[in-house]
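Chemist: To start, I am sharing the structure in question, which I have written as structure tokens.
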Amino acid sequence: MKIIPCSECGKPSAVNLAYAARHLCAGCFITHFEKRFFRTVREFGMVRPRERIAVGLSGGKDSVVLLHLLSKLRKKLPFELSAITIDEGIKGYREATLKVAKKECRKLKVPLKVLTFKKDSGYSLDQMMKKTNAAACSWCGVFRRYLLNKGARELKADKIAIGHNLDDVAQTVLMNMMRNEPLRLLRFLEPLSDDAHLISRIRPLLRTPEREVAMYALLKGIEIKYSECPYAHQAFRQHVKGQLNATEEKYPGTKQRILASFIEMESLMRKGIEGQEFRISHCSACGEPTPAPRKGMEEDERSRTCMHCRMVGQLR
Ligand code: SF4
Ligand code: ZN
């Protein structure tokens with residue numbers, strides 16, 4: 001096999017960055033990876049001195065690598081770091097990643113808060129799926145976002161850090177376009193409302209391809225569990241992921257271009273809605289934030305209750 005030298009130092013390369021037409025050795029790759037992370041945090045002003053950041057820690061590779069990188073950033077920037085793990089109650093899947101989350105937090109001395117679907121609603125995701133024919137991921141998403149926001153507020157966090165990588169973001173952009181959900185797209189980088197109950201989210205890995213997160217974890221000896229959620233095959237996301245990976249293979253750089261075009265579109269779209277009010281009201285059952293009915297629409301019992309509480313109502 002032909003050995004390709006590292007584009008930086010000439011040593012034998014270990015990683016091929018096809019989108020940048022570069023080959024890097026392990027050491028240069030780690031430097032490149034970490035530099036991109038710190039640059040992205042700076043570029044979007046994601047972490048400011050003395051802020052409280054709560055990492056949404058599933059225990060999968062992306063969130064664990066994010067925890068390590070934020071922990072490293074703390075050596076340069078003084079801020080508080082904690083983690084929240086949501087246990088959906090998916091038998092044979094979540095137990096293993098929960099173990100990793102606990103172990104990594106102990107290792108990095110980061111306090112961890114664990115919240116469960118079962119304790120919140122009385123049902124694990126597995127039990128919910130026995131009661132409804134709905135798609136697991138839509139229900140899981142609503143409860144997970146709800147608990148993450150609530151948990152972060154209880155920790156008095158300023159921001160929630162999510163381990164979404166470049167692949168996740170490019171998929172989300174395409175999915176929201178395919179589903180005609182422009183408002184979801186618009187609030188992806190920043191909430192549309194400044195309601196104090198809504199904790200904003202940061203995605204410091206948004207410029208990092210998924211493959212590189214896995215490679216970094218491997219090279220740094222970070223433990224990774226490669227199990228897949230048993231409901232994942234149902235997801236529309238899986239379909240989009242397959243298509244996107246095939247396109248990237250043929251046209252390297254596609255994912256980066258989708259992100260770049262989204263960032264540009266997002267700022268133009270925000271200008272387009274300047275002055276419009278996106279009101280948030282608070283759920284009459286649980287008090288958590290929920291979109292208020294649009295102007296001219298009548299308020300009824302349904303619109304006063306958040307999606308999470310409506311779903312819990314359907315289970316009972
Ligand atoms: Fe939840 Fe779907 Fe992700 Fe499984 S694949 S954890 S059901 S969102
Ligand atoms: Zn509610």
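Residues in the structure tokens are named by chain (A, B, ... in the order shown) and by number from 1 within that chain; ligands are numbered from 1 in the order shown.
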Counting only C-alpha atoms and all ligand atoms, what residues are within 10 Å of ligand 2, given as a PDB file with all heavy atoms, in the first residue's frame?

Modeler:
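What follows is the written file selection_11.pdb:
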ATOM      1  N   TYR A 146     -37.716  18.875  26.046  1.00  0.00           N
ATOM      2  CA  TYR A 146     -38.430  19.397  27.214  1.00  0.00           C
ATOM      3  C   TYR A 146     -37.585  19.206  28.479  1.00  0.00           C
ATOM      4  O   TYR A 146     -37.362  20.140  29.246  1.00  0.00           O
ATOM      5  CB  TYR A 146     -39.758  18.642  27.318  1.00  0.00           C
ATOM      6  CG  TYR A 146     -40.619  18.980  28.513  1.00  0.00           C
ATOM      7  CD1 TYR A 146     -41.555  20.009  28.445  1.00  0.00           C
ATOM      8  CD2 TYR A 146     -40.532  18.253  29.696  1.00  0.00           C
ATOM      9  CE1 TYR A 146     -42.364  20.309  29.522  1.00  0.00           C
ATOM     10  CE2 TYR A 146     -41.331  18.549  30.783  1.00  0.00           C
ATOM     11  CZ  TYR A 146     -42.254  19.571  30.689  1.00  0.00           C
ATOM     12  OH  TYR A 146     -43.058  19.859  31.761  1.00  0.00           O
ATOM     13  N   HIS A 282     -46.738  30.151  28.630  1.00  0.00           N
ATOM     14  CA  HIS A 282     -46.289  29.086  29.531  1.00  0.00           C
ATOM     15  C   HIS A 282     -47.413  28.099  29.739  1.00  0.00           C
ATOM     16  O   HIS A 282     -48.558  28.486  29.938  1.00  0.00           O
ATOM     17  CB  HIS A 282     -45.736  29.691  30.826  1.00  0.00           C
ATOM     18  CG  HIS A 282     -44.540  30.554  30.549  1.00  0.00           C
ATOM     19  ND1 HIS A 282     -44.605  31.931  30.486  1.00  0.00           N
ATOM     20  CD2 HIS A 282     -43.273  30.221  30.195  1.00  0.00           C
ATOM     21  CE1 HIS A 282     -43.406  32.399  30.145  1.00  0.00           C
ATOM     22  NE2 HIS A 282     -42.589  31.382  29.962  1.00  0.00           N
ATOM     23  N   CYS A 283     -47.074  26.827  29.625  1.00  0.00           N
ATOM     24  CA  CYS A 283     -48.066  25.748  29.643  1.00  0.00           C
ATOM     25  C   CYS A 283     -48.942  25.817  30.900  1.00  0.00           C
ATOM     26  O   CYS A 283     -48.420  25.975  32.006  1.00  0.00           O
ATOM     27  CB  CYS A 283     -47.312  24.429  29.564  1.00  0.00           C
ATOM     28  SG  CYS A 283     -48.324  22.988  29.854  1.00  0.00           S
ATOM     29  N   SER A 284     -50.242  25.683  30.707  1.00  0.00           N
ATOM     30  CA  SER A 284     -51.149  25.794  31.856  1.00  0.00           C
ATOM     31  C   SER A 284     -51.027  24.578  32.787  1.00  0.00           C
ATOM     32  O   SER A 284     -51.402  24.635  33.942  1.00  0.00           O
ATOM     33  CB  SER A 284     -52.593  25.942  31.375  1.00  0.00           C
ATOM     34  OG  SER A 284     -52.935  24.821  30.589  1.00  0.00           O
ATOM     35  N   ALA A 285     -50.447  23.478  32.283  1.00  0.00           N
ATOM     36  CA  ALA A 285     -50.311  22.292  33.135  1.00  0.00           C
ATOM     37  C   ALA A 285     -48.973  22.251  33.871  1.00  0.00           C
ATOM     38  O   ALA A 285     -48.916  21.936  35.050  1.00  0.00           O
ATOM     39  CB  ALA A 285     -50.470  21.032  32.287  1.00  0.00           C
ATOM     40  N   CYS A 286     -47.870  22.571  33.163  1.00  0.00           N
ATOM     41  CA  CYS A 286     -46.557  22.381  33.792  1.00  0.00           C
ATOM     42  C   CYS A 286     -45.746  23.674  33.919  1.00  0.00           C
ATOM     43  O   CYS A 286     -44.702  23.671  34.561  1.00  0.00           O
ATOM     44  CB  CYS A 286     -45.748  21.347  33.010  1.00  0.00           C
ATOM     45  SG  CYS A 286     -45.162  21.949  31.422  1.00  0.00           S
ATOM     46  N   GLY A 287     -46.183  24.753  33.268  1.00  0.00           N
ATOM     47  CA  GLY A 287     -45.472  26.029  33.390  1.00  0.00           C
ATOM     48  C   GLY A 287     -44.293  26.196  32.453  1.00  0.00           C
ATOM     49  O   GLY A 287     -43.659  27.247  32.400  1.00  0.00           O
ATOM     50  N   GLU A 288     -43.961  25.161  31.668  1.00  0.00           N
ATOM     51  CA  GLU A 288     -42.814  25.255  30.760  1.00  0.00           C
ATOM     52  C   GLU A 288     -43.171  26.090  29.524  1.00  0.00           C
ATOM     53  O   GLU A 288     -44.354  26.236  29.188  1.00  0.00           O
ATOM     54  CB  GLU A 288     -42.378  23.850  30.328  1.00  0.00           C
ATOM     55  CG  GLU A 288     -41.679  23.067  31.414  1.00  0.00           C
ATOM     56  CD  GLU A 288     -40.400  23.731  31.903  1.00  0.00           C
ATOM     57  OE1 GLU A 288     -39.502  23.978  31.099  1.00  0.00           O
ATOM     58  OE2 GLU A 288     -40.313  24.022  33.115  1.00  0.00           O
ATOM     59  N   PRO A 289     -42.144  26.643  28.843  1.00  0.00           N
ATOM     60  CA  PRO A 289     -42.444  27.491  27.682  1.00  0.00           C
ATOM     61  C   PRO A 289     -43.044  26.718  26.500  1.00  0.00           C
ATOM     62  O   PRO A 289     -42.700  25.559  26.275  1.00  0.00           O
ATOM     63  CB  PRO A 289     -41.076  28.051  27.291  1.00  0.00           C
ATOM     64  CG  PRO A 289     -40.078  27.147  27.914  1.00  0.00           C
ATOM     65  CD  PRO A 289     -40.714  26.556  29.124  1.00  0.00           C
ATOM     66  N   THR A 290     -43.938  27.375  25.791  1.00  0.00           N
ATOM     67  CA  THR A 290     -44.563  26.779  24.609  1.00  0.00           C
ATOM     68  C   THR A 290     -44.937  27.920  23.668  1.00  0.00           C
ATOM     69  O   THR A 290     -45.229  29.027  24.134  1.00  0.00           O
ATOM     70  CB  THR A 290     -45.805  25.934  25.025  1.00  0.00           C
ATOM     71  OG1 THR A 290     -46.371  25.330  23.876  1.00  0.00           O
ATOM     72  CG2 THR A 290     -46.864  26.740  25.741  1.00  0.00           C
ATOM     73  N   ARG A 304     -53.114  26.309  25.135  1.00  0.00           N
ATOM     74  CA  ARG A 304     -52.505  26.724  26.406  1.00  0.00           C
ATOM     75  C   ARG A 304     -51.627  25.621  27.008  1.00  0.00           C
ATOM     76  O   ARG A 304     -50.924  25.840  27.969  1.00  0.00           O
ATOM     77  CB  ARG A 304     -53.604  27.112  27.409  1.00  0.00           C
ATOM     78  CG  ARG A 304     -54.121  28.550  27.206  1.00  0.00           C
ATOM     79  CD  ARG A 304     -54.933  29.018  28.390  1.00  0.00           C
ATOM     80  NE  ARG A 304     -56.203  28.311  28.480  1.00  0.00           N
ATOM     81  CZ  ARG A 304     -57.331  28.737  27.920  1.00  0.00           C
ATOM     82  NH1 ARG A 304     -57.347  29.863  27.241  1.00  0.00           N
ATOM     83  NH2 ARG A 304     -58.437  28.045  28.040  1.00  0.00           N
ATOM     84  N   THR A 305     -51.682  24.422  26.411  1.00  0.00           N
ATOM     85  CA  THR A 305     -50.910  23.294  26.956  1.00  0.00           C
ATOM     86  C   THR A 305     -49.736  22.986  26.023  1.00  0.00           C
ATOM     87  O   THR A 305     -49.885  23.042  24.808  1.00  0.00           O
ATOM     88  CB  THR A 305     -51.829  22.040  27.029  1.00  0.00           C
ATOM     89  OG1 THR A 305     -53.083  22.446  27.536  1.00  0.00           O
ATOM     90  CG2 THR A 305     -51.255  20.986  27.931  1.00  0.00           C
ATOM     91  N   CYS A 306     -48.590  22.646  26.594  1.00  0.00           N
ATOM     92  CA  CYS A 306     -47.432  22.387  25.729  1.00  0.00           C
ATOM     93  C   CYS A 306     -47.552  20.985  25.098  1.00  0.00           C
ATOM     94  O   CYS A 306     -48.328  20.143  25.550  1.00  0.00           O
ATOM     95  CB  CYS A 306     -46.124  22.527  26.513  1.00  0.00           C
ATOM     96  SG  CYS A 306     -45.753  21.169  27.635  1.00  0.00           S
ATOM     97  N   MET A 307     -46.760  20.776  24.057  1.00  0.00           N
ATOM     98  CA  MET A 307     -46.792  19.510  23.317  1.00  0.00           C
ATOM     99  C   MET A 307     -46.501  18.323  24.233  1.00  0.00           C
ATOM    100  O   MET A 307     -47.125  17.276  24.156  1.00  0.00           O
ATOM    101  CB  MET A 307     -45.749  19.595  22.192  1.00  0.00           C
ATOM    102  CG  MET A 307     -45.664  18.380  21.351  1.00  0.00           C
ATOM    103  SD  MET A 307     -47.157  18.131  20.416  1.00  0.00           S
ATOM    104  CE  MET A 307     -46.624  18.732  18.843  1.00  0.00           C
ATOM    105  N   HIS A 308     -45.516  18.504  25.138  1.00  0.00           N
ATOM    106  CA  HIS A 308     -45.158  17.436  26.084  1.00  0.00           C
ATOM    107  C   HIS A 308     -46.382  17.021  26.907  1.00  0.00           C
ATOM    108  O   HIS A 308     -46.693  15.839  27.018  1.00  0.00           O
ATOM    109  CB  HIS A 308     -44.026  17.953  26.984  1.00  0.00           C
ATOM    110  CG  HIS A 308     -43.872  17.225  28.287  1.00  0.00           C
ATOM    111  ND1 HIS A 308     -44.585  17.584  29.416  1.00  0.00           N
ATOM    112  CD2 HIS A 308     -43.110  16.166  28.652  1.00  0.00           C
ATOM    113  CE1 HIS A 308     -44.260  16.770  30.408  1.00  0.00           C
ATOM    114  NE2 HIS A 308     -43.356  15.911  29.964  1.00  0.00           N
ATOM    115  N   CYS A 309     -47.103  17.992  27.453  1.00  0.00           N
ATOM    116  CA  CYS A 309     -48.243  17.652  28.324  1.00  0.00           C
ATOM    117  C   CYS A 309     -49.401  17.074  27.507  1.00  0.00           C
ATOM    118  O   CYS A 309     -50.142  16.224  27.993  1.00  0.00           O
ATOM    119  CB  CYS A 309     -48.680  18.878  29.134  1.00  0.00           C
ATOM    120  SG  CYS A 309     -47.431  19.295  30.370  1.00  0.00           S
ATOM    121  N   ARG A 310     -49.532  17.514  26.256  1.00  0.00           N
ATOM    122  CA  ARG A 310     -50.585  16.936  25.401  1.00  0.00           C
ATOM    123  C   ARG A 310     -50.273  15.464  25.113  1.00  0.00           C
ATOM    124  O   ARG A 310     -51.132  14.607  25.098  1.00  0.00           O
ATOM    125  CB  ARG A 310     -50.717  17.721  24.093  1.00  0.00           C
ATOM    126  CG  ARG A 310     -51.257  19.129  24.292  1.00  0.00           C
ATOM    127  CD  ARG A 310     -52.014  19.626  23.073  1.00  0.00           C
ATOM    128  NE  ARG A 310     -51.187  19.779  21.907  1.00  0.00           N
ATOM    129  CZ  ARG A 310     -50.569  20.894  21.544  1.00  0.00           C
ATOM    130  NH1 ARG A 310     -50.673  21.986  22.283  1.00  0.00           N
ATOM    131  NH2 ARG A 310     -49.836  20.961  20.463  1.00  0.00           N
ATOM    132  N   MET A 311     -49.001  15.179  24.897  1.00  0.00           N
ATOM    133  CA  MET A 311     -48.589  13.794  24.632  1.00  0.00           C
ATOM    134  C   MET A 311     -48.798  12.930  25.875  1.00  0.00           C
ATOM    135  O   MET A 311     -49.277  11.792  25.776  1.00  0.00           O
ATOM    136  CB  MET A 311     -47.124  13.748  24.180  1.00  0.00           C
ATOM    137  CG  MET A 311     -46.949  14.182  22.747  1.00  0.00           C
ATOM    138  SD  MET A 311     -45.192  14.270  22.349  1.00  0.00           S
ATOM    139  CE  MET A 311     -45.239  14.123  20.571  1.00  0.00           C
ATOM    140  N   VAL A 312     -48.426  13.456  27.049  1.00  0.00           N
ATOM    141  CA  VAL A 312     -48.637  12.685  28.291  1.00  0.00           C
ATOM    142  C   VAL A 312     -50.139  12.398  28.439  1.00  0.00           C
ATOM    143  O   VAL A 312     -50.540  11.288  28.787  1.00  0.00           O
ATOM    144  CB  VAL A 312     -48.087  13.459  29.518  1.00  0.00           C
ATOM    145  CG1 VAL A 312     -48.430  12.730  30.816  1.00  0.00           C
ATOM    146  CG2 VAL A 312     -46.579  13.627  29.425  1.00  0.00           C
TER     147      VAL A 312
END

Chemist: Please provide as a ChimeraX atom specification all residues within 9 Å of Ser227 (chain A), with the sequence filter that same-chain residues fewer than 6 positions apart are discarded (counting only C-alpha atoms).

Modeler: /A:60,93,96-97

Chemist: Limited to N, CA and C atoms, could you put the picked residues into a file as a PDB file, in the first residue's frame?

Modeler:
ATOM      1  N   GLY A  60     -22.909   8.990  23.855  1.00  0.00           N
ATOM      2  CA  GLY A  60     -22.442   8.599  22.516  1.00  0.00           C
ATOM      3  C   GLY A  60     -21.176   9.391  22.182  1.00  0.00           C
ATOM      4  N   TYR A  93     -30.237  -0.449  25.126  1.00  0.00           N
ATOM      5  CA  TYR A  93     -29.492   0.583  24.391  1.00  0.00           C
ATOM      6  C   TYR A  93     -28.936   1.650  25.327  1.00  0.00           C
ATOM      7  N   ALA A  96     -25.897   1.191  28.393  1.00  0.00           N
ATOM      8  CA  ALA A  96     -24.455   1.211  28.128  1.00  0.00           C
ATOM      9  C   ALA A  96     -23.928   2.641  28.006  1.00  0.00           C
ATOM     10  N   THR A  97     -24.663   3.505  27.288  1.00  0.00           N
ATOM     11  CA  THR A  97     -24.163   4.874  27.102  1.00  0.00           C
ATOM     12  C   THR A  97     -24.284   5.679  28.402  1.00  0.00           C
TER      13      THR A  97
END

Chemist: Find the residue from A:Glu274, A:Glu88, A:Glu212, A:Asp195 that sits nearest to ligand 1; use only C-alpha atoms and all ligand atoms when measuring.

Modeler: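 Of all the options, A:Glu88 lies closest to ligand 1.
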
Chemist: Once DSSP has gone over the backbone, tell me which residues of region 117-249 of chain A are in helix (DSSP H, G or I), as a PyMOL selection string.

Modeler: chain A and resi 117-121+125-131+136-154+166-178+182-186+210-220+232-234+236-249

Chemist: If the limit is 9 Å from any atom of ligand 1, counting only C-alpha atoms and all ligand atoms, which residues qualify? Return them as a list in words.

Modeler: Ser58, Glu88, Ile90, Tyr93, Arg94, Leu125, Ala135, Ala136, Cys137, Ser138, Trp139, Cys140, Gly141, Arg144, Glu228, Cys229, Pro230, Tyr231, Ala232, His233, Gln234, Ala235 and Arg237 of chain A

Chemist: Print the selection's residues with C-alpha atoms to a file, as an mmCIF file, in the first residue's frame.

Modeler:
data_model
loop_
_atom_site.group_PDB
_atom_site.id
_atom_site.type_symbol
_atom_site.label_atom_id
_atom_site.label_comp_id
_atom_site.auth_asym_id
_atom_site.auth_seq_id
_atom_site.Cartn_x
_atom_site.Cartn_y
_atom_site.Cartn_z
ATOM 1 C CA SER A 58 -26.041 11.076 25.765
ATOM 2 C CA GLU A 88 -35.438 7.753 27.600
ATOM 3 C CA ILE A 90 -34.854 2.219 25.699
ATOM 4 C CA TYR A 93 -29.492 0.583 24.391
ATOM 5 C CA ARG A 94 -29.388 3.437 26.856
ATOM 6 C CA LEU A 125 -40.097 5.471 25.713
ATOM 7 C CA ALA A 135 -42.964 7.425 15.302
ATOM 8 C CA ALA A 136 -40.617 6.909 18.273
ATOM 9 C CA CYS A 137 -38.244 9.689 17.258
ATOM 10 C CA SER A 138 -40.938 12.412 17.205
ATOM 11 C CA TRP A 139 -42.033 11.524 20.714
ATOM 12 C CA CYS A 140 -38.501 11.044 21.932
ATOM 13 C CA GLY A 141 -37.499 14.453 20.520
ATOM 14 C CA ARG A 144 -35.890 15.037 25.374
ATOM 15 C CA GLU A 228 -27.570 1.939 17.614
ATOM 16 C CA CYS A 229 -30.964 2.885 19.005
ATOM 17 C CA PRO A 230 -33.459 0.135 18.069
ATOM 18 C CA TYR A 231 -35.884 2.820 16.838
ATOM 19 C CA ALA A 232 -33.337 4.569 14.622
ATOM 20 C CA HIS A 233 -34.324 2.681 11.460
ATOM 21 C CA GLN A 234 -37.737 4.367 11.624
ATOM 22 C CA ALA A 235 -36.255 7.790 11.291
ATOM 23 C CA ARG A 237 -33.123 11.169 9.250
#

Chemist: If I take CA of Met215 (chain A) and CA of Phe29 (chain A), how far is one from the other in Å, to one decimal?

Modeler: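 We find that CA of Met215 (chain A) and CA of Phe29 (chain A) lie 9.2 Å from each other.
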